[in-house]
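Visitor: Below is a structure I'd like to ask you about.
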Amino acid sequence: MSILVDGNTRLVVQGVTGREGQFHTLRNRAYGTAVVAGVTPGKAGQDVDGIPVFNTVRDAVEATGANTSMIFVPPRFAPDAIYESLDAGIALTITITEGIPAHDMMRIYTHLQRGGQQLLGPNCPGAISPGKATVGIMPTDVFTPGRVGVVSRSGTLTYQISKEIGDMGIGQSTVVGIGGDPIVGSSFIDILGQFEADPDTDLVVIVGEIGGDEEEKAGAFIAANMTTPVVGYIAGFQAPPGKQMGHAGAIITGSSGTAEGKKEALEAMGVQVGITPTEVAEIVRDRLR
Amino acid sequence: MSILVDGNTRLVVQGVTGREGQFHTLRNRAYGTAVVAGVTPGKAGQDVDGIPVFNTVRDAVEATGANTSMIFVPPRFAPDAIYESLDAGIALTITITEGIPAHDMMRIYTHLQRGGQQLLGPNCPGAISPGKATVGIMPTDVFTPGRVGVVSRSGTLTYQISKEIGDMGIGQSTVVGIGGDPIVGSSFIDILGQFEADPDTDLVVIVGEIGGDEEEKAGAFIAANMTTPVVGYIAGFQAPPGKQMGHAGAIITGSSGTAEGKKEALEAMGVQVGITPTEVAEIVRDRLR
Amino acid sequence: MDLFEYQGKQLFAAHGLAVPSGEIAETPEQAKAAAEAIGGTVVVKAQVQVGGRGKAGGIKLAATPDEAYAEAQNILGMDIKGHTVQRVWIEAASDIRKEYYASITFDRSAKKPLVMLSAMGGMDIEAVAEEHPEALARLHVDPLTGFQAHHARWLVYHAGIDEAAQKGVLDALMKAYAAFIDLEATLIEINPLIWTTDGRVVALDAKVSIDNNALYRHPDLAALKESVTDDPQERMAHERDVTYVKLDGDIGIMGNGAGIVMSSLDVVALAGGRPANFLDAGGGSNAEAVATALEVLLSDPKVKSLMINIFGGITRCDEVAEGLLTALDTLGATLPIVVRLDGTAAVEGRAIIAARAPANVVVEPTMLSAAKRAVELAKEAS
Amino acid sequence: MDLFEYQGKQLFAAHGLAVPSGEIAETPEQAKAAAEAIGGTVVVKAQVQVGGRGKAGGIKLAATPDEAYAEAQNILGMDIKGHTVQRVWIEAASDIRKEYYASITFDRSAKKPLVMLSAMGGMDIEAVAEEHPEALARLHVDPLTGFQAHHARWLVYHAGIDEAAQKGVLDALMKAYAAFIDLEATLIEINPLIWTTDGRVVALDAKVSIDNNALYRHPDLAALKESVTDDPQERMAHERDVTYVKLDGDIGIMGNGAGIVMSSLDVVALAGGRPANFLDAGGGSNAEAVATALEVLLSDPKVKSLMINIFGGITRCDEVAEGLLTALDTLGATLPIVVRLDGTAAVEGRAIIAARAPANVVVEPTMLSAAKRAVELAKEAS
């Protein structure tokens, strides 16, 4: 098994005819993901290298049974695209788009609390279950099939850490980028819960960074609900307060959200935290022995 | 047992210091309902004949453990009062107020679908479990304890039918007025489901009227989900199309919502329908033999 | 509250929805002046709140201001299905390439707004729904998250709107929905929504209903409220805020609640009588409400007998009885009046009537017996 | 985007929130003219986006226009915690009876707006929250159903607002929330919100932040955007839309993603070095982005060595290498540059550098080794 994406994934891509959308759609398909449909308003009947294009997600779902959506539309159209995916009954909506306004995301997040549907992102690199399927923009070469789950707020660090553990001969069940925005649809806790329920994940690496309190919440969740071992990494020890470090969410506000605080919070809950990606990989290797 | 209101009811009244609010609050208490608090903004610390008044529902709940609210505030303040009750965690909100705008009710109804809380009304006479508790404006003398449930869109017809069955020596478990507005918080189906689950209700009378399709939906629900026998009544056979018959919801639109159509829909689902309140009482008597 | 076409169009324009330019006229002179101001061929349209104006001769083209004068003269004062035409709307004639249909209704079954769109406009939409259901795209809207661009797109694609008109129709839908929310409407219907030969999308008709309960938030709309009925009793009831509906029988009926009054009509009919009206004196019926209601009932010359059916809850039967006696004193009615009093203070109420009522007032113990008696008395009086 | 006090107050006024009348001034002459126009005693307030203006001498009373001139002359050009005062806001002095605190923030932990109110205003609210938590009323708002009157009431009662001021504060909260939604703000803080001796509730300060991602919907707000930093690299990065933060070390750092850059800073520090900056060249870093980033880095005279850390995903390492060579050709830098290339086309990228790069460019195989090398080279250069 694995989580989020696998052989049962039937992907529809919103914004499939855009330059970026098309490029990654075809890469995802080349990796083995069942890309069943694309959506671009007004382009129904066309195709992208054989992938049929529909006017609406609902049409795509009715015609192809798509259950997962990847969103590549520009930020000003992305909230509408997310609602369209949810309205069409898509189980998992993966939003790559960066730059969605916070007020839109507050409403979308609240709307999602109705339950029954999952959003990954926005501003996330997607998810990959090595050897099975990938949805998103991750460089697939970095990953190898295995039994370690990875969940991260950062795209590049996901690659870095997966590569370092891969270099030790350890593969991944699923690697998930939840996105670096202040509001994302799936939190660390949501993904950790899914890994905990996955019999084929033996250990989880959680890759955090400064800003917010999701790592602290994850620590409490791990202590209360997880038997699967968890190893942590936090980026941003050198970040000064009040400055946004690239990601909209990576900002230390007042005295909260520091890397030091997060590391301590995780360690207090029994999560071993490595201070470099290399050290994280070493801890993983040792824990799996 | 019974449904909605009983000895466990702890009532807070929103708008308790108004003329109507005060009058019915004291009547409800006189019947035996545990009226634990009232709310009128700015009047915290006062009391209504010994019932403590609070500024907010949340304060009232924290101080008294109120679990049921009755709303008596004027229509332009009523949506706010309903949200306040829901926000304070009140399990059952009974809204007597008439004349709440439809757009407010659409939003409130959608918000309620989160689940976990129940709204009765607006524009309803409340609920009574004879001998136990009453919340609302019903004339308590009409009702006697027993094992027949009554659910109605009309206040006066609730009294009329309860009295007619009472005159035959048959009492009621709970009598519920769901309200005559096009959108009410609890539908026939909601209340029928609660009666079905009540071991002390042997038969249910459903009192419908022209307009909408709630009776038709109730018929389908009864056929699919109820073992408790149900007897029906529909008012408005003489109503002309397109004219609103008092209740905001009592209007035949086009060819739908007629009394004849509702009667047929209920009968098709095995619900015997009386054509006068007297005949309904006779059917109830015969069914209970 | 239903609005007239011209009021709806003015509100559309205020919300950015394109409508033909036009002016309202109450006289042929005004119609002529309007046609001059607008220029070119105009349409003279009867302003009545009832369908089928066109077939009834209430919509005419006028190529010149003099023709507009003549058509307005014909149409003003015309009776269309019981509605007297008091105003005509003069608007620039449109070059129609295609007629569509768009509406937003409050769907009480789903408890949500319902948006409908069809490429088959300009005809009876119920017939379209029946004969070509696939031609009518229907979509419910979540009232909390609202109507979004993707909803509009889905409708436009599924209604079969011509490709070149899609953008204009999409924009019209978004604006119509914004108006629906802003006005707290219960209905916005645009039939037809036209696509013109020069490529614009324009609302050629406007049917708008506003939620009466929301009017306090819309004083500008509340000011548009006017009685549109020609019936004297309905007018009187409307002015006095009594809930009254005229029927075609001869037994006047009044009660203290919508349910019991509807039931009373049914029971009277079952007893072989014909109700003259629906009149709900209200849940809190007091002496004054009873007097007002009685005045409306007695003003109807068709009425041969009255049935007053009160089940006291909040209403006290003794107060009703007192109100009845006072009103009869003032109004001096002699027709037979059957009274049924039950519930709160019924014993006292009956005693008051027994002791002091004139002979034409009789008390019956139940709804059924009261109905039967009222029917008998009406027949005797015929 | 953070707004200046005077911008926030003008937006408050547009949303019906009372603020003292005032004018902006960039010279002492303008300050004097503003004081004359306003009349009476005025307050001269330094416009800087940093707290503690008052203690730094950036807020002064002026009883006459001449005093306003003098105070403005003192304050303009003043340095307050690294911010140079370029404008002063001249406003009518207020008769304060009581100082309250009100704010609306976007609470990322709850993913909802958080409204806070306190009767202890005019002081540092974090201190109030710590020492008198009961004096700070806090309430989250459901973004779909919104901020309602009952929320405002609960806050007003629980913050201990004086009874006679409650209505005014309630109204101010409702309007502030409407502004929060309308402006798509991430912060509205009013400290103090004052209750005047004549009974009005007035915003005496305004701290407003707008969501950068939402600016496309607010062209009027987007127009207010200006660089407020005095740092030359931050200004250059801001103008070129590069994500850059100045730090106080001597090792320039650049990478293709926020996470890997933050991690690079940490690894450099662990290796005993001091990073000079955070610079994210972006997820889709191409040759041009690399050149721009390099230009910003090299303009900083403090920088002794560079670490370029690329993990190619969408980014192709061969493109990065080409961009680097082209940029070095143009810019002609001679300081040591350590490059780590991994992921997509890393082999090709490394080959390009090995074949054609000048001698000051060295390639390291891992992030850790690259960091160590950059630290060594910086030390050598010192």
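Going by the structure tokens order, chains are called A, B, ..., each with residues numbered from 1, while ligands are numbered from 1 in the order shown.
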Dump as a VMD selection string the residues of chain B that approach chain A to within 12 Å, counting only C-alpha atoms.
Guide: chain B and resid 110 to 115
Visitor: Would you mind exporting all heavy atoms of the selected residues as a short mmCIF file (atom, residue, chain, number, x, y, z; two decimals), in the first residue's frame?
Guide:
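Just written: part_10.cif:
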data_model
loop_
_atom_site.label_atom_id
_atom_site.label_comp_id
_atom_site.auth_asym_id
_atom_site.auth_seq_id
_atom_site.Cartn_x
_atom_site.Cartn_y
_atom_site.Cartn_z
N THR B 110 -27.91 25.82 5.65
CA THR B 110 -26.68 25.20 5.12
C THR B 110 -25.65 25.03 6.24
O THR B 110 -25.01 23.99 6.36
CB THR B 110 -26.10 26.07 3.98
OG1 THR B 110 -27.11 26.24 2.99
CG2 THR B 110 -24.88 25.42 3.35
N HIS B 111 -25.52 26.07 7.05
CA HIS B 111 -24.58 26.02 8.18
C HIS B 111 -24.94 24.87 9.13
O HIS B 111 -24.06 24.16 9.64
CB HIS B 111 -24.64 27.36 8.91
CG HIS B 111 -23.71 27.51 10.07
ND1 HIS B 111 -22.34 27.39 9.93
CD2 HIS B 111 -23.92 27.77 11.38
CE1 HIS B 111 -21.76 27.57 11.11
NE2 HIS B 111 -22.70 27.80 12.00
N LEU B 112 -26.23 24.65 9.34
CA LEU B 112 -26.70 23.58 10.24
C LEU B 112 -26.34 22.19 9.73
O LEU B 112 -26.29 21.24 10.52
CB LEU B 112 -28.22 23.64 10.37
CG LEU B 112 -28.79 24.46 11.51
CD1 LEU B 112 -30.29 24.58 11.33
CD2 LEU B 112 -28.47 23.82 12.85
N GLN B 113 -26.12 22.05 8.43
CA GLN B 113 -25.84 20.73 7.88
C GLN B 113 -24.49 20.19 8.35
O GLN B 113 -24.15 19.04 8.09
CB GLN B 113 -25.93 20.72 6.34
CG GLN B 113 -27.25 21.23 5.79
CD GLN B 113 -28.45 20.64 6.50
OE1 GLN B 113 -28.61 19.44 6.57
NE2 GLN B 113 -29.30 21.48 7.07
N ARG B 114 -23.66 21.02 9.01
CA ARG B 114 -22.47 20.52 9.68
C ARG B 114 -22.84 19.39 10.63
O ARG B 114 -22.04 18.52 10.93
CB ARG B 114 -21.82 21.61 10.54
CG ARG B 114 -21.30 22.79 9.80
CD ARG B 114 -20.65 23.83 10.66
NE ARG B 114 -20.96 24.13 12.04
CZ ARG B 114 -22.10 24.15 12.70
NH1 ARG B 114 -23.19 23.79 12.11
NH2 ARG B 114 -22.20 24.52 13.93
N GLY B 115 -24.09 19.44 11.13
CA GLY B 115 -24.56 18.37 12.01
C GLY B 115 -24.32 18.65 13.47
O GLY B 115 -23.61 19.58 13.85
#
Visitor: Do a neighbour search on stretch 169-184 of chain D at 9 Å with only C-alpha atoms, toss out local chain neighbours closer than 2 positions, and write the hits as a PyMOL selection string.
Guide: (chain A and resi 101-103) or (chain D and resi 11-12+14-18+102-105+115+117+147-149+152-153+155-156+161+165-167+186-188+193+195+201-203+208-211+214-215+218+221)
Visitor: Which chain A residues are at most 9 Å from chain D (counting only C-alpha atoms), as a tab-separated table (two decimals) with C-alpha atoms, in the first residue's frame?
Guide:
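As a result, part_14.tsv now contains:
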chain	number	residue	atom	x	y	z
A	75	PRO	CA	-3.71	31.97	-8.73
A	76	ARG	CA	-6.62	34.25	-9.56
A	99	GLY	CA	-0.13	32.67	-4.51
A	100	ILE	CA	-3.77	32.05	-3.60
A	101	PRO	CA	-5.13	34.83	-1.34
A	102	ALA	CA	-5.47	33.98	2.35
A	103	HIS	CA	-9.13	35.00	2.60
A	105	MET	CA	-8.14	29.82	1.59
A	106	MET	CA	-9.86	30.54	4.92
A	107	ARG	CA	-13.23	30.02	3.26
A	108	ILE	CA	-12.10	26.94	1.34
A	109	TYR	CA	-10.57	25.41	4.45
A	110	THR	CA	-13.75	25.97	6.46
A	111	HIS	CA	-15.84	24.55	3.62
A	137	ILE	CA	6.04	18.38	-9.98
A	138	MET	CA	8.49	16.25	-8.04
A	139	PRO	CA	11.65	14.96	-9.81
A	140	THR	CA	10.78	11.28	-9.85
A	141	ASP	CA	14.40	10.05	-10.18
A	142	VAL	CA	15.09	11.00	-6.58
A	153	ARG	CA	6.24	21.71	3.95
A	154	SER	CA	9.08	22.27	1.47
A	155	GLY	CA	9.52	20.87	-2.02
A	156	THR	CA	13.31	20.99	-2.40
A	157	LEU	CA	13.89	19.64	1.11
A	158	THR	CA	11.62	16.74	0.29
A	159	TYR	CA	13.91	15.86	-2.58
A	160	GLN	CA	17.05	16.44	-0.52
A	163	LYS	CA	17.71	11.39	-1.81
A	180	GLY	CA	4.44	26.10	2.30
A	182	PRO	CA	-0.05	29.51	5.95
A	183	ILE	CA	-3.27	27.63	5.12
A	208	GLY	CA	9.13	21.13	9.02
A	209	GLU	CA	10.27	24.70	8.89
A	212	GLY	CA	3.05	28.63	12.49
A	213	ASP	CA	2.51	25.80	14.93
A	214	GLU	CA	1.86	22.79	12.70
A	234	ILE	CA	13.28	21.50	10.92
A	235	ALA	CA	14.75	24.13	8.59
A	236	GLY	CA	15.35	27.76	9.50
A	237	PHE	CA	17.48	27.95	12.67
A	238	GLN	CA	19.28	30.92	11.13
A	239	ALA	CA	16.10	32.75	10.12
A	240	PRO	CA	15.59	36.17	11.76
A	243	LYS	CA	11.16	38.12	7.82
A	244	GLN	CA	9.36	35.86	5.38
A	245	MET	CA	11.76	33.14	4.23
A	246	GLY	CA	10.43	32.48	0.75
A	247	HIS	CA	7.36	30.42	1.63
A	249	GLY	CA	4.17	30.51	5.79
A	250	ALA	CA	7.85	30.55	6.74
A	275	ILE	CA	19.88	18.93	12.47
A	276	THR	CA	20.95	18.36	8.87
A	277	PRO	CA	19.27	16.34	6.13
A	278	THR	CA	22.25	13.96	6.30
Visitor: For B:Thr56, work out the shell of residues within 10 Å, counting only C-alpha atoms and skipping chain neighbours fewer than 3 positions away, then give it as a ChimeraX atom specification.
Guide: /B:14,38-44,53,59-61,81,84-85,88 /D:150-151,153-154,157
Visitor: Pick out the residues sitting within 12 Å of A:Ala224, and hand them over as a PyMOL selection string; count only C-alpha atoms, and ignore anything fewer than 2 positions along from it in its own chain.
Guide: chain A and resi 189+192-193+196+217-222+226-228+269-270
Visitor: For B:Gly65, work out the shell of residues within 12 Å, counting only C-alpha atoms and skipping chain neighbours fewer than 3 positions away, then give it as a list in words.
Guide: Asn8, Thr9, Arg10, Leu11, Val12, Ala34, Val35, Val36, Ala37, Val57, Arg58, Asp59, Ala60, Val61, Glu62, Thr68, Ser69, Ala88, Gly89, Ile90 and Ala91 of chain B
Visitor: Pick out each residue of stretch 20-217 of chain C that DSSP on the backbone tags as alpha helix (DSSP H); I need them as number ranges by chain.
Guide: C: 28-38, 65-75, 125-131, 149-158, 166-182
Visitor: Report the residues of stretch 233-285 of chain C whose backbone DSSP state falls under strand (DSSP E), written as a short mmCIF file (atom, residue, chain, number, x, y, z; two decimals) with all heavy atoms, in the first residue's frame.
Guide:
data_model
loop_
_atom_site.label_atom_id
_atom_site.label_comp_id
_atom_site.auth_asym_id
_atom_site.auth_seq_id
_atom_site.Cartn_x
_atom_site.Cartn_y
_atom_site.Cartn_z
N THR C 243 -54.36 39.11 6.39
CA THR C 243 -54.05 38.05 5.43
C THR C 243 -55.34 37.51 4.85
O THR C 243 -56.07 36.75 5.50
CB THR C 243 -53.27 36.93 6.14
OG1 THR C 243 -52.20 37.52 6.85
CG2 THR C 243 -52.72 35.95 5.14
N TYR C 244 -55.64 37.91 3.64
CA TYR C 244 -56.94 37.63 3.03
C TYR C 244 -56.76 37.18 1.60
O TYR C 244 -55.93 37.74 0.87
CB TYR C 244 -57.77 38.92 3.07
CG TYR C 244 -59.11 38.83 2.38
CD1 TYR C 244 -60.27 38.53 3.10
CD2 TYR C 244 -59.23 39.06 1.01
CE1 TYR C 244 -61.50 38.46 2.47
CE2 TYR C 244 -60.45 38.98 0.37
CZ TYR C 244 -61.59 38.68 1.11
OH TYR C 244 -62.81 38.60 0.48
N VAL C 245 -57.48 36.14 1.21
CA VAL C 245 -57.50 35.71 -0.18
C VAL C 245 -58.96 35.53 -0.61
O VAL C 245 -59.72 34.83 0.05
CB VAL C 245 -56.74 34.37 -0.37
CG1 VAL C 245 -56.85 33.88 -1.81
CG2 VAL C 245 -55.29 34.50 0.04
N LYS C 246 -59.34 36.18 -1.71
CA LYS C 246 -60.73 36.09 -2.20
C LYS C 246 -60.94 34.74 -2.90
O LYS C 246 -60.11 34.30 -3.69
CB LYS C 246 -60.97 37.25 -3.17
CG LYS C 246 -62.29 37.23 -3.95
CD LYS C 246 -63.50 37.51 -3.09
CE LYS C 246 -63.75 38.94 -2.69
NZ LYS C 246 -64.25 39.87 -3.67
N ILE C 251 -69.66 31.82 1.66
CA ILE C 251 -69.53 31.70 3.11
C ILE C 251 -68.21 32.36 3.55
O ILE C 251 -67.13 31.89 3.20
CB ILE C 251 -69.56 30.23 3.56
CG1 ILE C 251 -70.89 29.59 3.11
CG2 ILE C 251 -69.39 30.12 5.07
CD1 ILE C 251 -70.96 28.11 3.34
N GLY C 252 -68.36 33.45 4.27
CA GLY C 252 -67.18 34.16 4.75
C GLY C 252 -66.52 33.37 5.87
O GLY C 252 -67.20 32.80 6.73
N ILE C 253 -65.19 33.30 5.84
CA ILE C 253 -64.49 32.48 6.83
C ILE C 253 -63.35 33.24 7.45
O ILE C 253 -62.62 33.96 6.78
CB ILE C 253 -63.98 31.18 6.18
CG1 ILE C 253 -65.19 30.32 5.81
CG2 ILE C 253 -63.04 30.42 7.11
CD1 ILE C 253 -64.88 29.02 5.17
N MET C 254 -63.24 33.06 8.76
CA MET C 254 -62.17 33.72 9.48
C MET C 254 -61.73 32.81 10.62
O MET C 254 -62.54 32.10 11.21
CB MET C 254 -62.71 35.04 10.02
CG MET C 254 -61.89 35.63 11.12
SD MET C 254 -62.88 36.89 11.99
CE MET C 254 -62.04 36.83 13.56
N GLY C 255 -60.43 32.82 10.91
CA GLY C 255 -59.93 32.03 12.04
C GLY C 255 -58.64 32.65 12.55
O GLY C 255 -58.17 33.66 12.01
N ASN C 277 -63.77 33.14 1.04
CA ASN C 277 -62.43 33.72 1.26
C ASN C 277 -61.62 32.88 2.22
O ASN C 277 -62.16 32.01 2.91
CB ASN C 277 -62.55 35.12 1.86
CG ASN C 277 -63.16 35.04 3.25
OD1 ASN C 277 -64.39 34.96 3.38
ND2 ASN C 277 -62.33 34.99 4.28
N PHE C 278 -60.31 33.23 2.26
CA PHE C 278 -59.41 32.80 3.34
C PHE C 278 -59.11 34.07 4.12
O PHE C 278 -58.75 35.08 3.54
CB PHE C 278 -58.13 32.25 2.70
CG PHE C 278 -57.00 32.02 3.67
CD1 PHE C 278 -56.72 30.75 4.16
CD2 PHE C 278 -56.19 33.08 4.09
CE1 PHE C 278 -55.67 30.54 5.04
CE2 PHE C 278 -55.15 32.88 4.98
CZ PHE C 278 -54.90 31.60 5.46
N LEU C 279 -59.30 34.03 5.45
CA LEU C 279 -58.90 35.18 6.26
C LEU C 279 -58.31 34.70 7.58
O LEU C 279 -58.99 34.06 8.38
CB LEU C 279 -60.08 36.13 6.52
CG LEU C 279 -59.67 37.49 7.13
CD1 LEU C 279 -60.73 38.54 6.87
CD2 LEU C 279 -59.34 37.41 8.61
N ASP C 280 -57.03 34.98 7.74
CA ASP C 280 -56.34 34.62 8.98
C ASP C 280 -56.18 35.89 9.81
O ASP C 280 -55.46 36.80 9.42
CB ASP C 280 -54.96 34.03 8.64
CG ASP C 280 -54.12 33.77 9.88
OD1 ASP C 280 -54.67 33.86 11.01
OD2 ASP C 280 -52.91 33.48 9.72
#
Visitor: Could you check the closest approach to chain D for each of C:Met1, C:Gly146, C:Tyr6, C:Asp230 and tell me which residue wins, using only C-alpha atoms?
Guide: C:Gly146
Visitor: Set the distance at 8 Å and use only C-alpha atoms: which residues neighbour D:Tyr69 once local chain neighbours fewer than 2 positions away are removed? I'd like the list as a PyMOL selection string.
Guide: chain D and resi 28-29+31-32+65-67+71-73
Visitor: Export all heavy atoms of the chosen residues as a tab-separated table (two decimals), in the first residue's frame?
Guide:
chain	number	residue	atom	x	y	z
D	28	PRO	N	8.42	70.43	6.64
D	28	PRO	CA	7.89	71.24	7.75
D	28	PRO	C	6.85	72.26	7.26
D	28	PRO	O	5.86	72.52	7.96
D	28	PRO	CB	9.15	71.95	8.27
D	28	PRO	CG	10.29	71.05	7.90
D	28	PRO	CD	9.89	70.44	6.59
D	29	GLU	N	7.05	72.79	6.05
D	29	GLU	CA	6.08	73.75	5.51
D	29	GLU	C	4.70	73.10	5.35
D	29	GLU	O	3.67	73.68	5.72
D	29	GLU	CB	6.54	74.27	4.13
D	29	GLU	CG	7.75	75.19	4.18
D	29	GLU	CD	9.06	74.45	4.45
D	29	GLU	OE1	9.14	73.22	4.19
D	29	GLU	OE2	10.01	75.09	4.97
D	31	ALA	N	3.65	70.57	6.97
D	31	ALA	CA	3.15	70.27	8.32
D	31	ALA	C	2.47	71.50	8.91
D	31	ALA	O	1.40	71.43	9.52
D	31	ALA	CB	4.30	69.81	9.21
D	32	LYS	N	3.09	72.66	8.71
D	32	LYS	CA	2.52	73.91	9.23
D	32	LYS	C	1.18	74.20	8.56
D	32	LYS	O	0.19	74.52	9.22
D	32	LYS	CB	3.51	75.06	8.98
D	32	LYS	CG	3.02	76.39	9.53
D	32	LYS	CD	4.05	77.50	9.31
D	32	LYS	CE	3.46	78.84	9.73
D	32	LYS	NZ	4.42	79.93	9.53
D	65	PRO	N	0.59	76.24	14.62
D	65	PRO	CA	1.21	75.84	13.36
D	65	PRO	C	2.73	75.98	13.40
D	65	PRO	O	3.45	75.15	12.84
D	65	PRO	CB	0.57	76.79	12.33
D	65	PRO	CG	-0.77	77.09	12.91
D	65	PRO	CD	-0.56	77.17	14.40
D	66	ASP	N	3.22	77.00	14.09
D	66	ASP	CA	4.68	77.16	14.16
D	66	ASP	C	5.32	76.01	14.94
D	66	ASP	O	6.38	75.51	14.58
D	66	ASP	CB	5.05	78.51	14.79
D	66	ASP	CG	4.82	79.65	13.80
D	66	ASP	OD1	4.91	79.39	12.58
D	66	ASP	OD2	4.50	80.77	14.26
D	67	GLU	N	4.65	75.61	16.02
D	67	GLU	CA	5.15	74.45	16.76
D	67	GLU	C	5.13	73.20	15.88
D	67	GLU	O	6.04	72.37	15.93
D	67	GLU	CB	4.31	74.20	18.01
D	67	GLU	CG	4.69	75.09	19.19
D	67	GLU	CD	3.91	74.71	20.45
D	67	GLU	OE1	3.75	73.50	20.73
D	67	GLU	OE2	3.45	75.64	21.13
D	71	GLU	N	8.28	70.81	15.17
D	71	GLU	CA	8.29	69.39	15.49
D	71	GLU	C	8.51	68.55	14.23
D	71	GLU	O	9.24	67.57	14.25
D	71	GLU	CB	6.98	68.98	16.18
D	71	GLU	CG	6.75	69.63	17.55
D	71	GLU	CD	7.79	69.20	18.59
D	71	GLU	OE1	8.66	68.36	18.29
D	71	GLU	OE2	7.74	69.73	19.73
D	72	ALA	N	7.88	68.96	13.15
D	72	ALA	CA	8.05	68.21	11.90
D	72	ALA	C	9.51	68.26	11.46
D	72	ALA	O	10.07	67.27	10.99
D	72	ALA	CB	7.13	68.78	10.81
D	73	GLN	N	10.12	69.44	11.64
D	73	GLN	CA	11.52	69.59	11.27
D	73	GLN	C	12.41	68.62	12.07
D	73	GLN	O	13.32	68.02	11.53
D	73	GLN	CB	11.94	71.02	11.56
D	73	GLN	CG	13.17	71.45	10.78
D	73	GLN	CD	13.33	72.95	10.77
D	73	GLN	OE1	12.94	73.63	11.73
D	73	GLN	NE2	13.90	73.47	9.69
Visitor: Would you mind listing what lies within 12 Å of A:Arg287 as a ChimeraX atom specification, with only C-alpha atoms counted and same-chain residues fewer than 6 positions away left out?
Guide: /A:148,170,202-205,228-231,271-272,280-281
